[in-house]
file structure_3.cif (mmCIF, N, CA and C atoms)
data_model
loop_
_atom_site.label_atom_id
_atom_site.label_comp_id
_atom_site.auth_asym_id
_atom_site.auth_seq_id
_atom_site.Cartn_x
_atom_site.Cartn_y
_atom_site.Cartn_z
N PRO A 972 276.25 46.53 288.47
CA PRO A 972 275.45 47.69 288.84
C PRO A 972 274.02 47.34 289.22
N LYS A 973 273.45 46.35 288.56
CA LYS A 973 272.06 45.98 288.84
C LYS A 973 271.91 45.43 290.25
N THR A 974 272.81 44.57 290.66
CA THR A 974 272.71 43.99 292.00
C THR A 974 273.14 44.99 293.07
N ASP A 975 274.20 45.73 292.82
CA ASP A 975 274.63 46.75 293.79
C ASP A 975 273.55 47.80 294.00
N GLY A 976 272.93 48.25 292.91
CA GLY A 976 271.87 49.24 293.01
C GLY A 976 270.68 48.73 293.79
N LEU A 977 270.34 47.47 293.59
CA LEU A 977 269.23 46.86 294.32
C LEU A 977 269.51 46.85 295.82
N ILE A 978 270.69 46.41 296.20
CA ILE A 978 271.04 46.35 297.62
C ILE A 978 271.05 47.74 298.24
N LEU A 979 271.65 48.70 297.55
CA LEU A 979 271.70 50.07 298.08
C LEU A 979 270.31 50.68 298.19
N LEU A 980 269.46 50.45 297.21
CA LEU A 980 268.09 50.97 297.28
C LEU A 980 267.32 50.35 298.44
N ASP A 981 267.49 49.05 298.64
CA ASP A 981 266.82 48.39 299.76
C ASP A 981 267.31 48.95 301.09
N ARG A 982 268.60 49.11 301.22
CA ARG A 982 269.14 49.67 302.47
C ARG A 982 268.64 51.09 302.71
N ALA A 983 268.59 51.89 301.65
CA ALA A 983 268.17 53.28 301.78
C ALA A 983 266.70 53.42 302.15
N THR A 984 265.89 52.41 301.79
CA THR A 984 264.45 52.48 302.07
C THR A 984 264.00 51.52 303.16
N ALA A 985 264.94 50.88 303.84
CA ALA A 985 264.60 49.85 304.82
C ALA A 985 263.62 50.31 305.89
N ALA A 986 263.72 51.55 306.32
CA ALA A 986 262.84 52.05 307.38
C ALA A 986 261.68 52.88 306.83
N GLN A 987 261.58 53.01 305.51
CA GLN A 987 260.51 53.81 304.92
C GLN A 987 259.19 53.03 304.91
N PRO A 988 258.07 53.72 305.07
CA PRO A 988 256.76 53.04 305.07
C PRO A 988 256.28 52.73 303.65
N LEU A 989 256.97 51.87 302.96
CA LEU A 989 256.64 51.53 301.57
C LEU A 989 255.40 50.66 301.50
N ASP A 990 254.65 50.81 300.41
CA ASP A 990 253.54 49.90 300.13
C ASP A 990 254.06 48.65 299.44
N PHE A 991 255.09 48.82 298.63
CA PHE A 991 255.69 47.70 297.91
C PHE A 991 257.11 48.05 297.49
N PHE A 992 257.87 47.03 297.15
CA PHE A 992 259.25 47.15 296.67
C PHE A 992 259.35 46.22 295.47
N VAL A 993 259.58 46.77 294.29
CA VAL A 993 259.54 45.98 293.06
C VAL A 993 260.93 45.89 292.44
N CYS A 994 261.33 44.68 292.11
CA CYS A 994 262.56 44.42 291.37
C CYS A 994 262.17 44.18 289.92
N PHE A 995 262.85 44.85 288.99
CA PHE A 995 262.58 44.67 287.57
C PHE A 995 263.61 43.70 287.00
N SER A 996 263.26 42.43 287.09
CA SER A 996 264.12 41.34 286.66
C SER A 996 263.81 40.99 285.20
N SER A 997 264.29 39.86 284.77
CA SER A 997 264.12 39.42 283.40
C SER A 997 263.82 37.93 283.37
N VAL A 998 263.14 37.51 282.32
CA VAL A 998 262.89 36.09 282.14
C VAL A 998 264.20 35.31 281.99
N SER A 999 265.29 36.02 281.71
CA SER A 999 266.60 35.36 281.62
C SER A 999 266.98 34.72 282.95
N ALA A 1000 266.39 35.19 284.05
CA ALA A 1000 266.65 34.57 285.35
C ALA A 1000 266.14 33.14 285.39
N LEU A 1001 265.12 32.85 284.59
CA LEU A 1001 264.52 31.52 284.55
C LEU A 1001 265.03 30.68 283.39
N LEU A 1002 265.24 31.33 282.24
CA LEU A 1002 265.63 30.61 281.03
C LEU A 1002 267.12 30.63 280.74
N GLY A 1003 267.83 31.55 281.39
CA GLY A 1003 269.24 31.75 281.07
C GLY A 1003 269.37 32.73 279.92
N ASP A 1004 270.58 33.10 279.63
CA ASP A 1004 270.84 34.05 278.54
C ASP A 1004 272.11 33.58 277.85
N LEU A 1005 271.93 33.01 276.67
CA LEU A 1005 273.07 32.41 275.98
C LEU A 1005 274.14 33.42 275.60
N GLY A 1006 273.78 34.70 275.49
CA GLY A 1006 274.75 35.70 275.10
C GLY A 1006 275.35 36.48 276.26
N SER A 1007 274.72 36.40 277.42
CA SER A 1007 275.18 37.21 278.55
C SER A 1007 274.81 36.53 279.86
N GLY A 1008 275.66 35.61 280.28
CA GLY A 1008 275.42 34.88 281.52
C GLY A 1008 275.36 35.77 282.74
N ALA A 1009 276.20 36.82 282.76
CA ALA A 1009 276.21 37.74 283.91
C ALA A 1009 274.86 38.44 284.07
N TYR A 1010 274.22 38.77 282.95
CA TYR A 1010 272.91 39.41 282.99
C TYR A 1010 271.88 38.46 283.60
N ALA A 1011 271.91 37.20 283.19
CA ALA A 1011 270.98 36.20 283.72
C ALA A 1011 271.21 36.00 285.22
N VAL A 1012 272.45 35.94 285.63
CA VAL A 1012 272.78 35.75 287.05
C VAL A 1012 272.32 36.95 287.88
N ALA A 1013 272.51 38.16 287.37
CA ALA A 1013 272.07 39.36 288.09
C ALA A 1013 270.56 39.36 288.28
N ASN A 1014 269.83 38.92 287.27
CA ASN A 1014 268.38 38.86 287.38
C ASN A 1014 267.93 37.74 288.32
N ARG A 1015 268.64 36.63 288.32
CA ARG A 1015 268.34 35.54 289.26
C ARG A 1015 268.58 36.03 290.69
N PHE A 1016 269.64 36.81 290.89
CA PHE A 1016 269.92 37.40 292.20
C PHE A 1016 268.75 38.28 292.64
N MET A 1017 268.24 39.09 291.71
CA MET A 1017 267.10 39.97 292.05
C MET A 1017 265.90 39.16 292.54
N ASP A 1018 265.61 38.06 291.87
CA ASP A 1018 264.48 37.22 292.27
C ASP A 1018 264.69 36.67 293.68
N GLY A 1019 265.89 36.19 293.94
CA GLY A 1019 266.22 35.67 295.27
C GLY A 1019 266.20 36.76 296.33
N TYR A 1020 266.66 37.94 295.96
CA TYR A 1020 266.69 39.05 296.90
C TYR A 1020 265.27 39.45 297.28
N ALA A 1021 264.35 39.43 296.33
CA ALA A 1021 262.95 39.76 296.63
C ALA A 1021 262.37 38.75 297.61
N ARG A 1022 262.72 37.48 297.46
CA ARG A 1022 262.26 36.46 298.42
C ARG A 1022 262.87 36.71 299.80
N TRP A 1023 264.17 37.02 299.83
CA TRP A 1023 264.83 37.33 301.11
C TRP A 1023 264.19 38.55 301.76
N ARG A 1024 263.94 39.59 300.95
CA ARG A 1024 263.37 40.83 301.49
C ARG A 1024 261.96 40.58 302.02
N GLU A 1025 261.21 39.73 301.35
CA GLU A 1025 259.86 39.40 301.82
C GLU A 1025 259.92 38.70 303.17
N ALA A 1026 260.91 37.84 303.37
CA ALA A 1026 261.10 37.20 304.68
C ALA A 1026 261.47 38.24 305.74
N GLU A 1027 262.28 39.22 305.36
CA GLU A 1027 262.62 40.31 306.28
C GLU A 1027 261.36 41.11 306.65
N ARG A 1028 260.50 41.34 305.67
CA ARG A 1028 259.25 42.06 305.92
C ARG A 1028 258.38 41.29 306.90
N ALA A 1029 258.32 39.98 306.73
CA ALA A 1029 257.53 39.14 307.64
C ALA A 1029 258.04 39.21 309.07
N GLN A 1030 259.32 39.49 309.23
CA GLN A 1030 259.93 39.62 310.56
C GLN A 1030 259.88 41.06 311.08
N GLY A 1031 259.29 41.96 310.29
CA GLY A 1031 259.17 43.36 310.71
C GLY A 1031 260.39 44.21 310.44
N ARG A 1032 261.33 43.70 309.64
CA ARG A 1032 262.57 44.45 309.37
C ARG A 1032 262.52 45.24 308.06
N ARG A 1033 261.46 45.09 307.30
CA ARG A 1033 261.24 45.85 306.07
C ARG A 1033 259.75 46.15 305.97
N ASN A 1034 259.42 47.15 305.16
CA ASN A 1034 258.03 47.51 304.91
C ASN A 1034 257.73 47.36 303.43
N GLY A 1035 256.49 47.03 303.13
CA GLY A 1035 256.06 46.90 301.74
C GLY A 1035 256.34 45.52 301.18
N ARG A 1036 255.33 44.94 300.56
CA ARG A 1036 255.49 43.63 299.92
C ARG A 1036 256.58 43.68 298.87
N SER A 1037 257.32 42.60 298.75
CA SER A 1037 258.43 42.51 297.80
C SER A 1037 258.01 41.69 296.58
N TYR A 1038 258.27 42.24 295.41
CA TYR A 1038 257.94 41.57 294.15
C TYR A 1038 259.15 41.61 293.23
N SER A 1039 259.23 40.62 292.35
CA SER A 1039 260.22 40.63 291.29
C SER A 1039 259.50 40.27 290.00
N ILE A 1040 259.53 41.18 289.04
CA ILE A 1040 258.85 40.98 287.76
C ILE A 1040 259.86 40.49 286.75
N ASN A 1041 259.61 39.32 286.18
CA ASN A 1041 260.48 38.75 285.15
C ASN A 1041 259.97 39.19 283.78
N TRP A 1042 260.49 40.34 283.30
CA TRP A 1042 260.06 40.86 282.01
C TRP A 1042 260.43 39.88 280.90
N PRO A 1043 259.55 39.71 279.91
CA PRO A 1043 259.85 38.82 278.79
C PRO A 1043 260.71 39.52 277.75
N LEU A 1044 260.86 38.89 276.62
CA LEU A 1044 261.60 39.48 275.50
C LEU A 1044 260.91 40.76 275.03
N TRP A 1045 261.69 41.74 274.64
CA TRP A 1045 261.14 43.00 274.15
C TRP A 1045 261.36 43.10 272.65
N ALA A 1046 260.41 43.69 271.96
CA ALA A 1046 260.53 43.88 270.51
C ALA A 1046 261.28 45.16 270.18
N THR A 1047 261.26 46.15 271.07
CA THR A 1047 261.91 47.43 270.82
C THR A 1047 262.51 47.96 272.12
N GLY A 1048 263.16 49.10 272.05
CA GLY A 1048 263.66 49.76 273.25
C GLY A 1048 265.11 49.47 273.58
N GLY A 1049 265.83 48.83 272.68
CA GLY A 1049 267.24 48.57 272.92
C GLY A 1049 267.53 47.24 273.58
N MET A 1050 266.51 46.50 273.97
CA MET A 1050 266.70 45.20 274.62
C MET A 1050 266.26 44.04 273.73
N GLU A 1051 265.95 44.34 272.47
CA GLU A 1051 265.45 43.31 271.58
C GLU A 1051 266.57 42.36 271.15
N ILE A 1052 266.16 41.16 270.77
CA ILE A 1052 267.10 40.17 270.25
C ILE A 1052 266.86 40.08 268.75
N ALA A 1053 267.89 40.28 267.98
CA ALA A 1053 267.76 40.38 266.53
C ALA A 1053 267.84 39.04 265.83
N GLY A 1054 267.13 38.95 264.70
CA GLY A 1054 267.25 37.87 263.75
C GLY A 1054 267.23 36.46 264.29
N SER A 1055 268.21 35.68 263.86
CA SER A 1055 268.25 34.27 264.20
C SER A 1055 268.48 34.02 265.69
N ASP A 1056 269.07 34.99 266.39
CA ASP A 1056 269.27 34.82 267.83
C ASP A 1056 267.94 34.67 268.56
N ALA A 1057 266.91 35.33 268.06
CA ALA A 1057 265.59 35.26 268.70
C ALA A 1057 265.01 33.86 268.62
N SER A 1058 265.38 33.10 267.59
CA SER A 1058 264.83 31.75 267.43
C SER A 1058 265.28 30.81 268.54
N VAL A 1059 266.35 31.15 269.22
CA VAL A 1059 266.84 30.33 270.34
C VAL A 1059 265.76 30.20 271.42
N PHE A 1060 264.92 31.25 271.55
CA PHE A 1060 263.90 31.25 272.59
C PHE A 1060 262.58 30.65 272.11
N GLY A 1061 262.55 30.11 270.90
CA GLY A 1061 261.33 29.52 270.38
C GLY A 1061 260.76 28.42 271.25
N PHE A 1062 261.62 27.67 271.93
CA PHE A 1062 261.16 26.58 272.78
C PHE A 1062 260.28 27.07 273.93
N SER A 1063 260.42 28.33 274.31
CA SER A 1063 259.68 28.86 275.46
C SER A 1063 258.26 29.24 275.11
N GLY A 1064 257.98 29.41 273.81
CA GLY A 1064 256.66 29.86 273.39
C GLY A 1064 256.49 31.35 273.48
N MET A 1065 257.53 32.08 273.89
CA MET A 1065 257.45 33.53 274.02
C MET A 1065 257.77 34.20 272.70
N GLN A 1066 257.13 35.33 272.50
CA GLN A 1066 257.45 36.21 271.39
C GLN A 1066 257.68 37.60 271.95
N ALA A 1067 258.55 38.35 271.32
CA ALA A 1067 258.82 39.71 271.77
C ALA A 1067 257.60 40.58 271.57
#

call {"tool": "encode", "arguments": {"input": "structure_3.cif", "output": "C-alpha cells"}}
result
Amino acid sequence: PKTDGLILLDRATAAQPLDFFVCFSSVSALLGDLGSGAYAVANRFMDGYARWREAERAQGRRNGRSYSINWPLWATGGMEIAGSDASVFGFSGMQA
C-alpha cells in the first residue's frame, strides 16, 4: 500500500503546480528492519522514487521539489519498538 499509494499520488498530481512533494519514509530504508523486511524495502523504494521524481522535475515533467524524509525511531504513536528489540538499534546512536 505504501508504494502503490506513492505512485498513484504522484500520477494524480503530476500536472499540479506543487511547491514540493514529500515522501514520509523511515530510517529503516537505510538501516534495514530486522522484524519487517518488506517495510524497509517499501521505504527504500520511496527514497529512490523521490530521486526519480526529482529527475522528472528537472526535465519539466513534474512540479515541486521532491523530498524523502527518513523518520527515526518513535517513542510513541504505535510505531515504537519495545524492550530488548530497541537495543538492536543501539549501534546507530539513535534513540526513540

call {"tool": "atom_distance", "arguments": {"input": "structure_3.cif", "atom1": "atom CA of Thr984 of chain A", "atom2": "atom CA of Phe1016 of chain A"}}
result
18.8 Å

call {"tool": "axis_aligned_box", "arguments": {"input": "structure_3.cif", "around": "segment 1034-1039 of chain A", "padding_each_side": "5 Å", "output": "JSON"}}
result
{"center_x": 257.8, "center_y": 43.9, "center_z": 297.6, "size_x": 14.9, "size_y": 17.2, "size_z": 25.2}

call {"tool": "atom_distance", "arguments": {"input": "structure_3.cif", "atom1": "atom N of Ser997 of chain A", "atom2": "atom CA of Ala1026 of chain A"}}
result
20.3 Å

call {"tool": "resolve_selection", "arguments": {"input": "structure_3.cif", "expression": "the PyMOL selection byres ((chain A and resi 1015) around 8)", "output": "mmCIF file with N, CA and C atoms, in the frame of the given file"}}
result
data_model
loop_
_atom_site.group_PDB
_atom_site.id
_atom_site.type_symbol
_atom_site.label_atom_id
_atom_site.label_comp_id
_atom_site.auth_asym_id
_atom_site.auth_seq_id
_atom_site.Cartn_x
_atom_site.Cartn_y
_atom_site.Cartn_z
ATOM 1 N N SER A 996 263.260 42.430 287.090
ATOM 2 C CA SER A 996 264.120 41.340 286.660
ATOM 3 C C SER A 996 263.810 40.990 285.200
ATOM 4 N N SER A 997 264.290 39.860 284.770
ATOM 5 C CA SER A 997 264.120 39.420 283.400
ATOM 6 C C SER A 997 263.820 37.930 283.370
ATOM 7 N N VAL A 998 263.140 37.510 282.320
ATOM 8 C CA VAL A 998 262.890 36.090 282.140
ATOM 9 C C VAL A 998 264.200 35.310 281.990
ATOM 10 N N SER A 999 265.290 36.020 281.710
ATOM 11 C CA SER A 999 266.600 35.360 281.620
ATOM 12 C C SER A 999 266.980 34.720 282.950
ATOM 13 N N ALA A 1000 266.390 35.190 284.050
ATOM 14 C CA ALA A 1000 266.650 34.570 285.350
ATOM 15 C C ALA A 1000 266.140 33.140 285.390
ATOM 16 N N LEU A 1001 265.120 32.850 284.590
ATOM 17 C CA LEU A 1001 264.520 31.520 284.550
ATOM 18 C C LEU A 1001 265.030 30.680 283.390
ATOM 19 N N ALA A 1009 276.200 36.820 282.760
ATOM 20 C CA ALA A 1009 276.210 37.740 283.910
ATOM 21 C C ALA A 1009 274.860 38.440 284.070
ATOM 22 N N TYR A 1010 274.220 38.770 282.950
ATOM 23 C CA TYR A 1010 272.910 39.410 282.990
ATOM 24 C C TYR A 1010 271.880 38.460 283.600
ATOM 25 N N ALA A 1011 271.910 37.200 283.190
ATOM 26 C CA ALA A 1011 270.980 36.200 283.720
ATOM 27 C C ALA A 1011 271.210 36.000 285.220
ATOM 28 N N VAL A 1012 272.450 35.940 285.630
ATOM 29 C CA VAL A 1012 272.780 35.750 287.050
ATOM 30 C C VAL A 1012 272.320 36.950 287.880
ATOM 31 N N ALA A 1013 272.510 38.160 287.370
ATOM 32 C CA ALA A 1013 272.070 39.360 288.090
ATOM 33 C C ALA A 1013 270.560 39.360 288.280
ATOM 34 N N ASN A 1014 269.830 38.920 287.270
ATOM 35 C CA ASN A 1014 268.380 38.860 287.380
ATOM 36 C C ASN A 1014 267.930 37.740 288.320
ATOM 37 N N PHE A 1016 269.640 36.810 290.890
ATOM 38 C CA PHE A 1016 269.920 37.400 292.200
ATOM 39 C C PHE A 1016 268.750 38.280 292.640
ATOM 40 N N MET A 1017 268.240 39.090 291.710
ATOM 41 C CA MET A 1017 267.100 39.970 292.050
ATOM 42 C C MET A 1017 265.900 39.160 292.540
ATOM 43 N N ASP A 1018 265.610 38.060 291.870
ATOM 44 C CA ASP A 1018 264.480 37.220 292.270
ATOM 45 C C ASP A 1018 264.690 36.670 293.680
ATOM 46 N N GLY A 1019 265.890 36.190 293.940
ATOM 47 C CA GLY A 1019 266.220 35.670 295.270
ATOM 48 C C GLY A 1019 266.200 36.760 296.330
ATOM 49 N N TYR A 1020 266.660 37.940 295.960
ATOM 50 C CA TYR A 1020 266.690 39.050 296.900
ATOM 51 C C TYR A 1020 265.270 39.450 297.280
ATOM 52 N N ALA A 1021 264.350 39.430 296.330
ATOM 53 C CA ALA A 1021 262.950 39.760 296.630
ATOM 54 C C ALA A 1021 262.370 38.750 297.610
#

call {"tool": "resolve_selection", "arguments": {"input": "structure_3.cif", "expression": "the PyMOL selection byres ((chain A and resi 1040) around 5)", "output": "list in words"}}
result
Cys994, Phe995, Ser996, Ser997, Tyr1038, Ser1039, Asn1041 and Trp1042 of chain A

call {"tool": "select_by_dssp", "arguments": {"input": "structure_3.cif", "residues": "segment 978-1018 of chain A", "states": "helix (DSSP H, G or I)", "output": "PyMOL selection string"}}
result
chain A and resi 978-984+999-1002+1008-1018

call {"tool": "resolve_selection", "arguments": {"input": "structure_3.cif", "expression": "the PyMOL selection byres ((chain A and resi 1037) around 6)", "output": "list in words"}}
result
Phe991, Phe992, Val993, Ala1021, Arg1024, Glu1025, Gly1035, Arg1036, Tyr1038 and Ser1039 of chain A

call {"tool": "atom_distance", "arguments": {"input": "structure_3.cif", "atom1": "atom C of Arg982 of chain A", "atom2": "atom CA of Arg1022 of chain A"}}
result
16.5 Å

call {"tool": "select_by_dssp", "arguments": {"input": "structure_3.cif", "residues": "segment 1000-1040 of chain A", "states": "strand (DSSP E or B)", "output": "ChimeraX atom specification"}}
result
/A:1036-1040
